[in-house]
Amino acid sequence: MTSRVKVSDEPLSPSGRLFLRPEMDTIIHCALGVEYAMDVEAVKTTIRNSLMLKHPRFCSLLVHDKNGLEHWRRTEVDLDKHILVVENPAEATNNDGSDIEKIVNDYIAGLSVSCPLSLDKPLWEVHIMWEPPCAVFRFHHALGDGIDLMSILLGSCRKVEDPEAVPILDIGGSRKNRKGSFRKLWFQRGVLMGFLKMVLYTLNILMGFLKVVLYSLFFYLEMVLRSLWVRDRKTVISGGEGVELWPREVVTAHLLIEDMKVVKKAIANATINDVLLGMISAGFSKYLDHRSPNSLKKNQRITGVATVNLRKQLGLEDLTKMIESNSRARKGNKFGIILLPIYYAKDVEPLQHVKRAKATLDLKKKSLEGYFSYKVADLAITLLGCKFVSSFNYRIHSNCSYVISNVVGPKEKLTIAGNPIKQCQCTW
């Protein structure tokens with residue numbers, strides 16, 4: 001039976017409360033396809049000894065105080081209530097190996113609209129499927145953002161080559177060391193030349209700062225207008241009122257990172273995200289041209305909402321120490337959103353889509369749009385209430401055409417409960 005732990009209740013973060021609103025209620029699903037049939041007892045043992053049950057959010061009930069405000073209340077976790085066995089998915093009638101992904105995708109699609117998480121236990125579950133062998137993790141977004149949840153999930157996994165080692169998350173992008181830049185400027189070609197270079201260097205920094213301010217204000221004003229009346233022109237990919245309640249379909253596409261790197265090298269200073277957004281732009285253009293030929297104007301804007309992580313992704317060892325020390329630095333969601341426009345283009349070389357996507361992302365990188373969206377929403381929830389901000393956020397999403405989010409995963413081959421993982425996919 002579940003018993004309560006005597007720890008004082010803790011209020012939800014403002015963003016956590018936002019994800020509990022009916023129009024923004026979000027559950028993240030992560031499916032781990034494995035080599036062999038899952039051993040339920042081994043899964044229970046793995047989770048019991050993992051980082052998951054050390055995290056206070058995964059051991060807390062969602063409760064309301066007398067004023068109706070949400071709080072986390074610590075409790076003992078009964079794994080039998082969280083680990084559920086799926087005996088026979090309705091779609092698993094002809095499992096010849098070719099439709100395995102479809103079986104899992106259809107199961108997740110059904111869960112996403114018909115199976116909310118029960119409030120009589122912490123807001124997470126693991127669904128064990130026999131055929132195909134798979135584990136579907138369900139986390140409510142109020143527990144944390146994608147970075148935290150991915151880190152906690154990987155904390156339950158181990159490397160294939162070293163069963164005792166946890167995965168290493170490669171977040172890349174080491175920063176350049178600029179220590180001593182001013183000193184070098186002084187001694188290059190004499191003091192006078194160094195002084196002039198230092199002045200130019202300072203002016204460049206000031207101009208960069210001014211660009212950040214102007215771009216941030218412009219992009220955030222655009223987001224405010226998007227929440228009021230500005231919206232994309234109606235197309236076949238547009239949603240509508242109550243779209244969050246429509247039936248879902250989950251589809252998996254496999255993209256080789258090596259192929260994306262080849263495209264990246266064809267454009268100076270491009271990134272994988274530039275290539276990904278360019279692919280989405282090209283794909284939408286072809287799809288719209290196929291579904292509604294000659295009905296769209298050239299360069300018609302198709303606006304998306306992208307999530308932006310606002311905190312450093314820690315290694316699993318650092319995250320473990322932080323959770324064990326009961327630090328509040330990692331609790332709750334901490335991400336912003338940005339508007340990400342792409343443009344309909346017919347009979348255009350694919351690389352042109354990538355170049356235009358790169359230009360868009362380069363401008364976004366010069367702004368603090370994501371940071372502003374997080375801070376303003378956080379403050380507004382405190383001052384105006386969650387209902388107002390939820391309506392504001394809902395209108396932004398409703399007036400756009402698509403949403404995109406991604407989280408970096410590990411490079412190594414992994415196991416969970418001693419079972420090799422063949423593939424991993426996340427959706428919400």
# chains A, B, ... in the order shown; residues from 1 in each chain; ligands from 1
$ residues_around --residues "Ala282 (chain A)" --least-positions-apart "3" --cutoff "7 Å" --atoms "only C-alpha atoms" --output "PyMOL selection string"
chain A and resi 278-279+285-286+350+353
$ write_last_selection --atoms "C-alpha atoms" --output "CSV table (one decimal), in the first residue's frame"
chain,number,residue,atom,x,y,z
A,278,GLY,CA,15.4,23.1,-44.1
A,279,MET,CA,14.1,19.5,-44.5
A,285,SER,CA,6.3,22.7,-49.5
A,286,LYS,CA,6.1,19.4,-51.4
A,350,PRO,CA,16.6,21.6,-51.7
A,353,HIS,CA,15.5,25.6,-48.1
$ select_by_dssp --residues "region 114-304 of chain A" --states "strand (DSSP E)" --output "number ranges by chain"
A: 124-129, 134-140, 157-159, 301-304
$ atom_distance --atom1 "CA of Arg48 (chain A)" --atom2 "CA of Val86 (chain A)"
20.5 Å
$ closest_residue --among "A:Cys30, A:Leu53, A:Ala270, A:Val213" --to "Ser156 (chain A)" --atoms "only C-alpha atoms"
A:Leu53
$ residues_around --residues "Leu368 (chain A)" --least-positions-apart "5" --cutoff "8 Å" --atoms "only C-alpha atoms" --output "list in words"
Val212, Val213, Tyr215 and Ser216 of chain A
$ atom_distance --atom1 "CA of Phe372 (chain A)" --atom2 "CA of Gly336 (chain A)"
7.5 Å
$ select_by_dssp --residues "region 213-309 of chain A" --states "helix (DSSP H, G or I)" --output "ChimeraX atom specification"
/A:213-228,243-245,257-265,272-291
$ write_last_selection --atoms "N, CA and C atoms" --output "compact mmCIF listing (two decimals), in the first residue's frame"
# COMPACT_ATOMS: atom_id res chain seq x y z
N VAL A 213 19.24 43.37 -28.24
CA VAL A 213 18.09 44.09 -27.67
C VAL A 213 17.00 44.29 -28.72
N LEU A 214 17.38 44.78 -29.90
CA LEU A 214 16.41 45.08 -30.95
C LEU A 214 15.73 43.81 -31.45
N TYR A 215 16.51 42.77 -31.74
CA TYR A 215 15.92 41.52 -32.22
C TYR A 215 15.01 40.91 -31.16
N SER A 216 15.43 40.97 -29.90
CA SER A 216 14.61 40.39 -28.83
C SER A 216 13.27 41.09 -28.72
N LEU A 217 13.29 42.43 -28.75
CA LEU A 217 12.04 43.19 -28.67
C LEU A 217 11.14 42.92 -29.87
N PHE A 218 11.75 42.90 -31.07
CA PHE A 218 10.98 42.68 -32.29
C PHE A 218 10.33 41.30 -32.28
N PHE A 219 11.12 40.26 -31.95
CA PHE A 219 10.58 38.90 -32.00
C PHE A 219 9.54 38.68 -30.91
N TYR A 220 9.75 39.28 -29.73
CA TYR A 220 8.76 39.07 -28.68
C TYR A 220 7.47 39.82 -28.98
N LEU A 221 7.57 41.03 -29.59
CA LEU A 221 6.38 41.75 -30.01
C LEU A 221 5.60 40.92 -31.04
N GLU A 222 6.32 40.26 -31.94
CA GLU A 222 5.68 39.39 -32.91
C GLU A 222 4.92 38.26 -32.22
N MET A 223 5.50 37.72 -31.13
CA MET A 223 4.83 36.66 -30.39
C MET A 223 3.56 37.17 -29.72
N VAL A 224 3.61 38.38 -29.18
CA VAL A 224 2.43 38.96 -28.55
C VAL A 224 1.32 39.14 -29.58
N LEU A 225 1.66 39.68 -30.77
CA LEU A 225 0.67 39.85 -31.83
C LEU A 225 0.11 38.50 -32.27
N ARG A 226 0.96 37.48 -32.27
CA ARG A 226 0.52 36.14 -32.66
C ARG A 226 -0.52 35.61 -31.66
N SER A 227 -0.44 36.02 -30.41
CA SER A 227 -1.40 35.58 -29.40
C SER A 227 -2.71 36.34 -29.48
N LEU A 228 -2.74 37.44 -30.23
CA LEU A 228 -3.94 38.27 -30.31
C LEU A 228 -4.75 37.97 -31.57
N VAL A 243 -8.07 21.34 -31.28
CA VAL A 243 -7.22 20.39 -32.00
C VAL A 243 -6.50 19.44 -31.05
N GLU A 244 -6.29 19.89 -29.79
CA GLU A 244 -5.59 19.03 -28.82
C GLU A 244 -6.41 17.79 -28.47
N LEU A 245 -7.71 17.79 -28.81
CA LEU A 245 -8.57 16.65 -28.52
C LEU A 245 -8.81 15.77 -29.75
N ILE A 257 22.17 10.58 -39.41
CA ILE A 257 22.92 11.79 -39.07
C ILE A 257 24.08 12.01 -40.03
N GLU A 258 24.63 10.92 -40.59
CA GLU A 258 25.72 11.06 -41.55
C GLU A 258 25.26 11.79 -42.80
N ASP A 259 24.04 11.50 -43.26
CA ASP A 259 23.50 12.21 -44.43
C ASP A 259 23.28 13.68 -44.13
N MET A 260 22.81 13.98 -42.93
CA MET A 260 22.58 15.37 -42.55
C MET A 260 23.90 16.14 -42.46
N LYS A 261 24.96 15.45 -42.05
CA LYS A 261 26.27 16.10 -41.97
C LYS A 261 26.82 16.42 -43.35
N VAL A 262 26.50 15.56 -44.33
CA VAL A 262 26.92 15.84 -45.70
C VAL A 262 26.26 17.13 -46.20
N VAL A 263 24.96 17.28 -45.92
CA VAL A 263 24.25 18.51 -46.32
C VAL A 263 24.82 19.71 -45.57
N LYS A 264 25.12 19.52 -44.29
CA LYS A 264 25.66 20.61 -43.46
C LYS A 264 26.98 21.14 -44.04
N LYS A 265 27.81 20.24 -44.53
CA LYS A 265 29.11 20.65 -45.06
C LYS A 265 28.98 21.43 -46.37
N ILE A 272 23.35 21.16 -37.73
CA ILE A 272 22.37 20.10 -37.93
C ILE A 272 20.95 20.65 -37.81
N ASN A 273 20.73 21.59 -36.89
CA ASN A 273 19.40 22.19 -36.76
C ASN A 273 19.01 22.97 -38.01
N ASP A 274 19.98 23.63 -38.66
CA ASP A 274 19.69 24.31 -39.93
C ASP A 274 19.20 23.31 -40.96
N VAL A 275 19.90 22.17 -41.04
CA VAL A 275 19.52 21.14 -42.01
C VAL A 275 18.14 20.58 -41.68
N LEU A 276 17.87 20.34 -40.40
CA LEU A 276 16.59 19.78 -39.99
C LEU A 276 15.44 20.73 -40.35
N LEU A 277 15.61 22.02 -40.05
CA LEU A 277 14.56 22.98 -40.38
C LEU A 277 14.40 23.12 -41.89
N GLY A 278 15.51 23.06 -42.62
CA GLY A 278 15.43 23.09 -44.08
C GLY A 278 14.67 21.89 -44.64
N MET A 279 14.88 20.72 -44.05
CA MET A 279 14.15 19.51 -44.46
C MET A 279 12.65 19.67 -44.20
N ILE A 280 12.30 20.24 -43.05
CA ILE A 280 10.89 20.46 -42.72
C ILE A 280 10.28 21.44 -43.73
N SER A 281 11.01 22.49 -44.05
CA SER A 281 10.53 23.47 -45.02
C SER A 281 10.29 22.83 -46.38
N ALA A 282 11.26 22.05 -46.86
CA ALA A 282 11.12 21.38 -48.15
C ALA A 282 9.98 20.37 -48.12
N GLY A 283 9.87 19.63 -47.02
CA GLY A 283 8.82 18.64 -46.90
C GLY A 283 7.43 19.26 -46.90
N PHE A 284 7.25 20.34 -46.14
CA PHE A 284 5.96 21.02 -46.12
C PHE A 284 5.60 21.56 -47.51
N SER A 285 6.58 22.14 -48.19
CA SER A 285 6.32 22.71 -49.51
C SER A 285 5.85 21.63 -50.48
N LYS A 286 6.52 20.48 -50.49
CA LYS A 286 6.12 19.39 -51.38
C LYS A 286 4.73 18.84 -51.00
N TYR A 287 4.50 18.70 -49.69
CA TYR A 287 3.21 18.15 -49.24
C TYR A 287 2.06 19.09 -49.60
N LEU A 288 2.25 20.39 -49.34
CA LEU A 288 1.20 21.35 -49.64
C LEU A 288 0.94 21.46 -51.14
N ASP A 289 2.02 21.36 -51.91
CA ASP A 289 1.87 21.42 -53.37
C ASP A 289 1.12 20.19 -53.88
N HIS A 290 1.31 19.06 -53.21
CA HIS A 290 0.62 17.83 -53.60
C HIS A 290 -0.85 17.86 -53.18
N ARG A 291 -1.12 18.32 -51.95
CA ARG A 291 -2.49 18.29 -51.43
C ARG A 291 -3.35 19.43 -51.97
$ residues_around --residues "Phe392 (chain A)" --least-positions-apart "2" --cutoff "12 Å" --atoms "only C-alpha atoms" --output "list in words"
Leu18, Glu23, Met24, Met223, Val224, Leu225, Arg226, Ser227, Leu228, Trp229, Ser373, Val376, Ala377, Ala380, Ile381, Leu384, Gly385, Cys386, Lys387, Phe388, Val389, Ser390, Tyr394, Arg395, Ile396, His397, Ser398 and Asn399 of chain A
$ closest_residue --among "A:Pro247, A:Asn309, A:Thr271, A:Leu296" --to "Lys234 (chain A)" --atoms "only C-alpha atoms"
A:Leu296
$ residues_around --residues "Ile147 (chain A)" --least-positions-apart "2" --cutoff "8 Å" --atoms "only C-alpha atoms" --output "number ranges by chain"
A: 145, 149-151, 309, 313, 407
$ residues_around --residues "Asn406 (chain A)" --least-positions-apart "5" --cutoff "9 Å" --atoms "only C-alpha atoms" --output "PDB file with all heavy atoms, in the first residue's frame"
ATOM      1  N   GLY A 146      12.038  18.393 -21.041  1.00  0.00           N
ATOM      2  CA  GLY A 146      12.604  17.277 -21.791  1.00  0.00           C
ATOM      3  C   GLY A 146      14.019  16.934 -21.401  1.00  0.00           C
ATOM      4  O   GLY A 146      14.410  15.761 -21.382  1.00  0.00           O
ATOM      5  N   ALA A 306       8.841  26.601 -31.569  1.00  0.00           N
ATOM      6  CA  ALA A 306       9.956  25.732 -31.180  1.00  0.00           C
ATOM      7  C   ALA A 306      10.294  25.978 -29.721  1.00  0.00           C
ATOM      8  O   ALA A 306      10.272  27.118 -29.240  1.00  0.00           O
ATOM      9  CB  ALA A 306      11.179  25.999 -32.057  1.00  0.00           C
ATOM     10  N   THR A 307      10.589  24.900 -28.995  1.00  0.00           N
ATOM     11  CA  THR A 307      11.003  25.026 -27.591  1.00  0.00           C
ATOM     12  C   THR A 307      12.509  25.208 -27.506  1.00  0.00           C
ATOM     13  O   THR A 307      13.265  24.663 -28.302  1.00  0.00           O
ATOM     14  CB  THR A 307      10.588  23.788 -26.787  1.00  0.00           C
ATOM     15  OG1 THR A 307      11.162  22.613 -27.393  1.00  0.00           O
ATOM     16  CG2 THR A 307       9.077  23.636 -26.770  1.00  0.00           C
TER      17      THR A 307
END
$ closest_residue --among "A:Ala253, A:Leu79, A:Leu154, A:Ile302" --to "Asp232 (chain A)" --atoms "only C-alpha atoms"
A:Ile302
$ residues_around --residues "region 410-422 of chain A" --least-positions-apart "3" --cutoff "12 Å" --atoms "only C-alpha atoms" --output "ChimeraX atom specification"
/A:31-50,101,132-135,150-151,153-172,257,315-316,407,425
$ closest_residue --among "A:Lys297, A:Lys81, A:Arg248, A:Arg57" --to "His140 (chain A)" --atoms "only C-alpha atoms"
A:Arg57
